[in-house]
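Below you'll find the structure, written out as structure tokens, and then a few comments.
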Amino acid sequence: MSTVKPMHDDTALKARLQNPASKEAAFGDVVAEYQERLYYHIRRMLGSHDEADDVLQNTFIRAWRAIDKFRGDSKLHTWLYRIATNEALTAIEKRKRRSFQDLEQISNTSSFSSSQDGSNGDDIQQRLQNAIETLPERQKAVFSMRYFDEMPYQEISDILGVTVGSLKASYHHAVKKIEEQLTNEK
Amino acid sequence: MHTSDSHNDLPHRADELQDAPKLQALRSQLRQDAPEGYFAGFRERLADRLEDEKVLEQAPKLMEIGNEGRPEVPNGYFEAFPKRLMNTIAPAPVRSLWQRPMVWAVAAGIALLCAFGLMYQPADQGPASDAIAKAGEVIDEMEDQELLAMLSLAGAEAEDVASVFSVEEIGFQDLEGFEEESDAEALLESLDLSENDILDLINETYQ
């Protein structure tokens with residue numbers, strides 16, 4: 001079930017981002033390179049496409065505004081995931097404040113397709129998403145980055161500012177809870 | 001970049017490949033594909049994965065679903081997203097006054113007026129007259145500074161324009177008019193537009 005994620009050397013990209021003449025084109029490349037990964041990360045945390053779209057845009061807008069300050073001390077990948085995760089958490093907080101956190105609504109607006117060939121792939125993915133929705137917000141982020149993106153714990157630690165040990169415990173809890181949800185549901 | 005990595009210990013010694021220089025070169029190239037630091041943290045990453053596998057063994061339903069399913073996304077979403085985003089964040093290119101369609105059209109209208117001496121003819125003589133009349137209306141509403149800037153871009157001097165328009169009408173009270181039609185023709189030439197181009201621009205703008 002494991003998928004191999006390529007490691008990118010973004011030194012050249014960082015250099016282009018810091019050059020005013022190439023900044024905009026380079027940022028376009030960043031968007032093209034990272035949009036899908038960030039979208040799915042955000043989508044798994046939020047559930048609905050519309051919210052994920054808003055947050056993805058906010059993520060890149062924030063990145064664009066801060067790109068001059070990005071000196072490449074961290075990986076571009078880590079930096080973008082950090083922004084995306086924070087934006088998604090902010091969106092969840094706003095949703096809570098608006099009292100819109102309605103699982104039924106989330107369930108109605110979330111739809112999934114599976115790369116597997118099973119005829120009920122959408123249903124399976126929907127069940128998984130419903131189980132993910134029961135996790136605490138930060139645990140969702142941990143689960144998404146570890147389970148779906150197969151990100152090293154150290155990188156997740158850099159993104160969330162949590163120790164590796166805590167992350168492992170959080171991930172293991174998440175797996176256990178999701179399994180329980182999947183087992184208990186009809 | 002791989003000096004301390006564990007794959008240096010692999011049992012591929014140079015002498016084993018001495019009769020196959022191309023293969024040796026290929027192997028060397030392939031080894032450069034690994035990102036810097038990849039092998040340094042490999043053992044830890046593998047240990048983490050094995051630990052995860054043990055956890056997932058206790059979650060057979062989750063294992064069965066796998067991690068490759070993806071939420072459904074509207075058709076063409078990712079294709080359209082970069083352009084949509086860049087339109088939001090990238091500053092709109094600063095267009096010079098000359099690049100604005102209205103200014104083009106008005107300047108063209110002025111040039112037309114100048115060149116054909118139609119300024120004081122009634123606006124009931126077909127499309128050209130209509131267009132000129134429309135341009136004239138716009139000119140009436142323009143600020144002097146804007147008109148001056150536009151005319152400057154068209155390569156015309158305020159005095160030249162004042163020669164065709166009445167001084168009072170364009171507000172250049174300190175200019176004296178003259179009536180050399182050649183100046184007006186030069187203005188049209190400076191725009192490098194045919195009469196049809198001018199009419200198209202005017203119609204495009206005011207229709």
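Every chain in the structure tokens has a letter given in the order shown (A, B, ...), and although residue numbers restart at 1 in each chain, ligands are simply numbered from 1 in the order shown.
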For chain B versus chain A, which residues have an atom no more than 8 Å away, and what is each residue's nearest atom pair and distance in Å rounded to one decimal, using only C-alpha atoms, chain-then-number order, as a tab-separated table?
```
residue	atom	partner	partner_atom	distance
B:Pro35	CA	A:Met7	CA	6.5
B:Arg45	CA	A:Pro152	CA	6.3
B:Asp48	CA	A:Tyr153	CA	7.8
B:Asp52	CA	A:His172	CA	7.9
B:Val55	CA	A:His172	CA	6.5
B:Leu56	CA	A:Val175	CA	7.2
B:Gln58	CA	A:Lys176	CA	7.9
B:Ala59	CA	A:Glu179	CA	5.4
B:Pro60	CA	A:Glu179	CA	7.6
B:Lys61	CA	A:Glu179	CA	6.3
B:Leu62	CA	A:Glu179	CA	6.0
B:Met63	CA	A:Met1	CA	7.9
B:Ile65	CA	A:Ile124	CA	6.9
B:Gly66	CA	A:Met1	CA	5.8
B:Asn67	CA	A:Phe148	CA	5.2
B:Glu68	CA	A:Ser115	CA	6.2
B:Gly69	CA	A:Ser114	CA	4.0
B:Arg70	CA	A:Ser114	CA	5.6
B:Pro71	CA	A:Phe112	CA	3.8
B:Glu72	CA	A:Phe112	CA	4.5
B:Val73	CA	A:His49	CA	7.1
B:Phe78	CA	A:Glu36	CA	7.1
B:Pro82	CA	A:Val31	CA	6.2
B:Leu85	CA	A:Gln57	CA	6.6
B:Met86	CA	A:Gly28	CA	7.2
B:Ile89	CA	A:Ile61	CA	6.4
B:Ala90	CA	A:Glu24	CA	7.4
```
Serialized selection, N, CA, C and O atoms, as a CSV table (one decimal), in the first residue's frame:
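Output file part-v6.csv follows:
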```csv
chain,number,residue,atom,x,y,z
B,35,PRO,N,18.6,12.1,-3.8
B,35,PRO,CA,18.8,13.4,-3.2
B,35,PRO,C,19.8,13.4,-2.0
B,35,PRO,O,20.0,12.4,-1.4
B,45,ARG,N,14.0,6.3,8.9
B,45,ARG,CA,12.7,6.3,8.2
B,45,ARG,C,12.2,4.9,8.0
B,45,ARG,O,11.0,4.7,8.2
B,48,ASP,N,10.8,3.8,11.3
B,48,ASP,CA,9.5,4.4,11.5
B,48,ASP,C,8.4,3.6,10.7
B,48,ASP,O,7.3,3.4,11.2
B,52,ASP,N,5.1,1.6,12.0
B,52,ASP,CA,3.8,1.9,11.5
B,52,ASP,C,3.1,0.6,11.0
B,52,ASP,O,1.9,0.4,11.2
B,55,VAL,N,1.6,-1.2,13.8
B,55,VAL,CA,0.4,-0.5,14.2
B,55,VAL,C,-0.8,-0.9,13.2
B,55,VAL,O,-1.9,-1.2,13.7
B,56,LEU,N,-0.4,-0.8,12.0
B,56,LEU,CA,-1.5,-1.0,11.0
B,56,LEU,C,-1.9,-2.5,10.9
B,56,LEU,O,-3.0,-2.8,10.5
B,58,GLN,N,-2.7,-4.0,13.3
B,58,GLN,CA,-3.8,-4.1,14.3
B,58,GLN,C,-5.0,-3.4,13.8
B,58,GLN,O,-6.0,-3.2,14.5
B,59,ALA,N,-4.9,-2.9,12.5
B,59,ALA,CA,-6.0,-2.1,11.9
B,59,ALA,C,-6.3,-2.7,10.6
B,59,ALA,O,-6.1,-2.1,9.5
B,60,PRO,N,-6.8,-3.9,10.5
B,60,PRO,CA,-7.0,-4.6,9.2
B,60,PRO,C,-8.0,-3.9,8.3
B,60,PRO,O,-7.8,-3.9,7.1
B,61,LYS,N,-9.0,-3.3,8.8
B,61,LYS,CA,-10.0,-2.6,7.9
B,61,LYS,C,-9.3,-1.4,7.3
B,61,LYS,O,-9.6,-1.1,6.1
B,62,LEU,N,-8.5,-0.7,8.0
B,62,LEU,CA,-7.8,0.5,7.5
B,62,LEU,C,-6.8,0.0,6.4
B,62,LEU,O,-6.7,0.6,5.4
B,63,MET,N,-6.1,-1.1,6.7
B,63,MET,CA,-5.2,-1.6,5.8
B,63,MET,C,-5.9,-2.0,4.5
B,63,MET,O,-5.3,-1.8,3.4
B,65,ILE,N,-8.5,-0.7,3.2
B,65,ILE,CA,-8.9,0.5,2.4
B,65,ILE,C,-7.7,1.0,1.7
B,65,ILE,O,-7.7,1.5,0.5
B,66,GLY,N,-6.5,1.0,2.4
B,66,GLY,CA,-5.3,1.5,1.8
B,66,GLY,C,-5.3,3.0,1.8
B,66,GLY,O,-6.2,3.7,2.3
B,67,ASN,N,-4.2,3.6,1.3
B,67,ASN,CA,-4.0,5.0,1.4
B,67,ASN,C,-3.9,5.7,0.0
B,67,ASN,O,-3.5,6.8,-0.1
B,68,GLU,N,-4.4,5.0,-1.0
B,68,GLU,CA,-4.3,5.6,-2.3
B,68,GLU,C,-5.6,6.2,-2.9
B,68,GLU,O,-5.6,6.8,-3.9
B,69,GLY,N,-6.7,6.0,-2.1
B,69,GLY,CA,-7.9,6.6,-2.6
B,69,GLY,C,-7.9,8.1,-2.4
B,69,GLY,O,-7.2,8.6,-1.5
B,70,ARG,N,-8.5,8.8,-3.3
B,70,ARG,CA,-8.5,10.3,-3.2
B,70,ARG,C,-9.8,10.9,-3.3
B,70,ARG,O,-10.7,10.4,-4.0
B,71,PRO,N,-10.0,12.0,-2.6
B,71,PRO,CA,-11.3,12.7,-2.7
B,71,PRO,C,-11.6,13.1,-4.2
B,71,PRO,O,-10.7,13.4,-4.9
B,72,GLU,N,-12.8,13.1,-4.5
B,72,GLU,CA,-13.2,13.5,-5.9
B,72,GLU,C,-13.1,15.0,-6.0
B,72,GLU,O,-13.5,15.7,-5.1
B,73,VAL,N,-12.6,15.4,-7.2
B,73,VAL,CA,-12.4,16.8,-7.4
B,73,VAL,C,-13.1,17.2,-8.7
B,73,VAL,O,-13.1,16.3,-9.6
B,78,PHE,N,-7.6,21.1,-11.1
B,78,PHE,CA,-6.1,21.3,-11.0
B,78,PHE,C,-5.5,22.0,-12.2
B,78,PHE,O,-4.5,22.7,-12.1
B,82,PRO,N,-3.9,26.9,-11.1
B,82,PRO,CA,-2.7,27.9,-11.1
B,82,PRO,C,-3.1,29.2,-11.7
B,82,PRO,O,-2.7,30.3,-11.2
B,85,LEU,N,-5.3,31.2,-9.4
B,85,LEU,CA,-4.6,31.7,-8.3
B,85,LEU,C,-3.7,32.9,-8.7
B,85,LEU,O,-3.6,33.9,-8.0
B,86,MET,N,-2.9,32.7,-9.8
B,86,MET,CA,-2.0,33.7,-10.2
B,86,MET,C,-2.7,35.0,-10.5
B,86,MET,O,-2.2,36.1,-10.3
B,89,ILE,N,-3.1,36.7,-7.1
B,89,ILE,CA,-2.0,37.2,-6.3
B,89,ILE,C,-1.0,38.1,-7.1
B,89,ILE,O,-0.4,38.9,-6.5
B,90,ALA,N,-0.9,37.8,-8.4
B,90,ALA,CA,0.1,38.6,-9.1
B,90,ALA,C,-0.5,40.0,-9.4
B,90,ALA,O,-1.6,40.1,-9.8
```
Q. If you measure from atom CA of Met45 of chain A to atom CA of Ile92 of chain A, what distance in Å do you get, rounded to one decimal?
A. 8.5 Å
Q.
Env of segment 79-84 of chain A: 6 Å cut, atoms = only C-alpha atoms, seq-sep filter 2 positions within chain, self excluded. Answer as a list in words.
A. Thr59, Leu76, His77, Asn86, Glu87 and Ile159 of chain A
